[in-house]
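Following: one structure in structure tokens, then a few remarks.
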Amino acid sequence: MDEASTYADLTRDALAAYEGLLSLAEDVEDEWTYVNDLSAAWQARIGELVDEQGAETASTLEEAAIRRTIEEIEHISDPHRAIDWLSTFPQIVLVTLGGRR
């Protein structure tokens with residue numbers, strides 16, 4: 001049986017997936033400043049989850065939601081679609097993992 005993931009585990013995985021989106025989105029030169037400003041704000045906010053509740057064990061539903069969303073964004077190959085997900089993905093993470101506050 002696998003050990004349950006903590007909020008910190010899921011947050012690290014979410015931030016790694018977010019970096020992949022950011023890398024793809026940065027290919028759109030006209031949006032470079034917007035993309036980097038947006039990503040800095042969201043990465044900081046997601047990172048706060050570790051400070052707030054990182055050691056807590058995530059529920060199976062929370063873990064499944066984050067893992068499924070990561071799988072979804074890993075299939076994105078269009079830089080413009082990646083830009084759309086730069087604000088969508090963090091909101092999913094925050095709703096899923098930040099809902100206990």
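By order of appearance in the structure tokens: chains A, B, ..., then residues from 1 within every chain, and ligands from 1 in the order shown.
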Using only C-alpha atoms, determine which residues lie at most 7 Å from region 22-34 of chain A, disregarding the query and same-chain residues fewer than 3 positions distant; provide the list as a count of residues only. 8
Hey, what's within 8 Å of region 12-16 of chain A if we count only C-alpha atoms and toss same-chain stuff fewer than 4 positions away? As a list of chain:residue names, please? A:Ala8, A:Gly20, A:Gln43, A:Ile46, A:Ile66, A:Ile70, A:Val93
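Atom pair CA of Gly47 (chain A) / CA of Ala65 (chain A): separated by 18.0 Å.
Of the listed residues A:Ser87, A:Leu97, A:Asp51, A:Ile92, the one whose atoms come nearest to Val35 (chain A) is A:Ser87, with distances taken using only C-alpha atoms.
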Which residue is closest to Ile73 (chain A)? Choose from A:Phe89, A:Ala58, A:Val50, A:Ala40 and count only C-alpha atoms. A:Phe89
A:Leu21, A:Ala41, A:Leu10, A:Ala64: which is nearest Gly98 (chain A), counting only C-alpha atoms? A:Leu10
How far is it from CA of Ser39 (chain A) to CA of Thr11 (chain A), in Å with one decimal? 14.7 Å
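One finds CA of Asp84 (chain A) at 13.1 Å from CA of Glu72 (chain A).
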So, with only C-alpha atoms as the atoms that count, which of A:Ala17, A:Leu86, A:Ala4, A:Leu49 lies closest to Leu61 (chain A)? A:Ala4
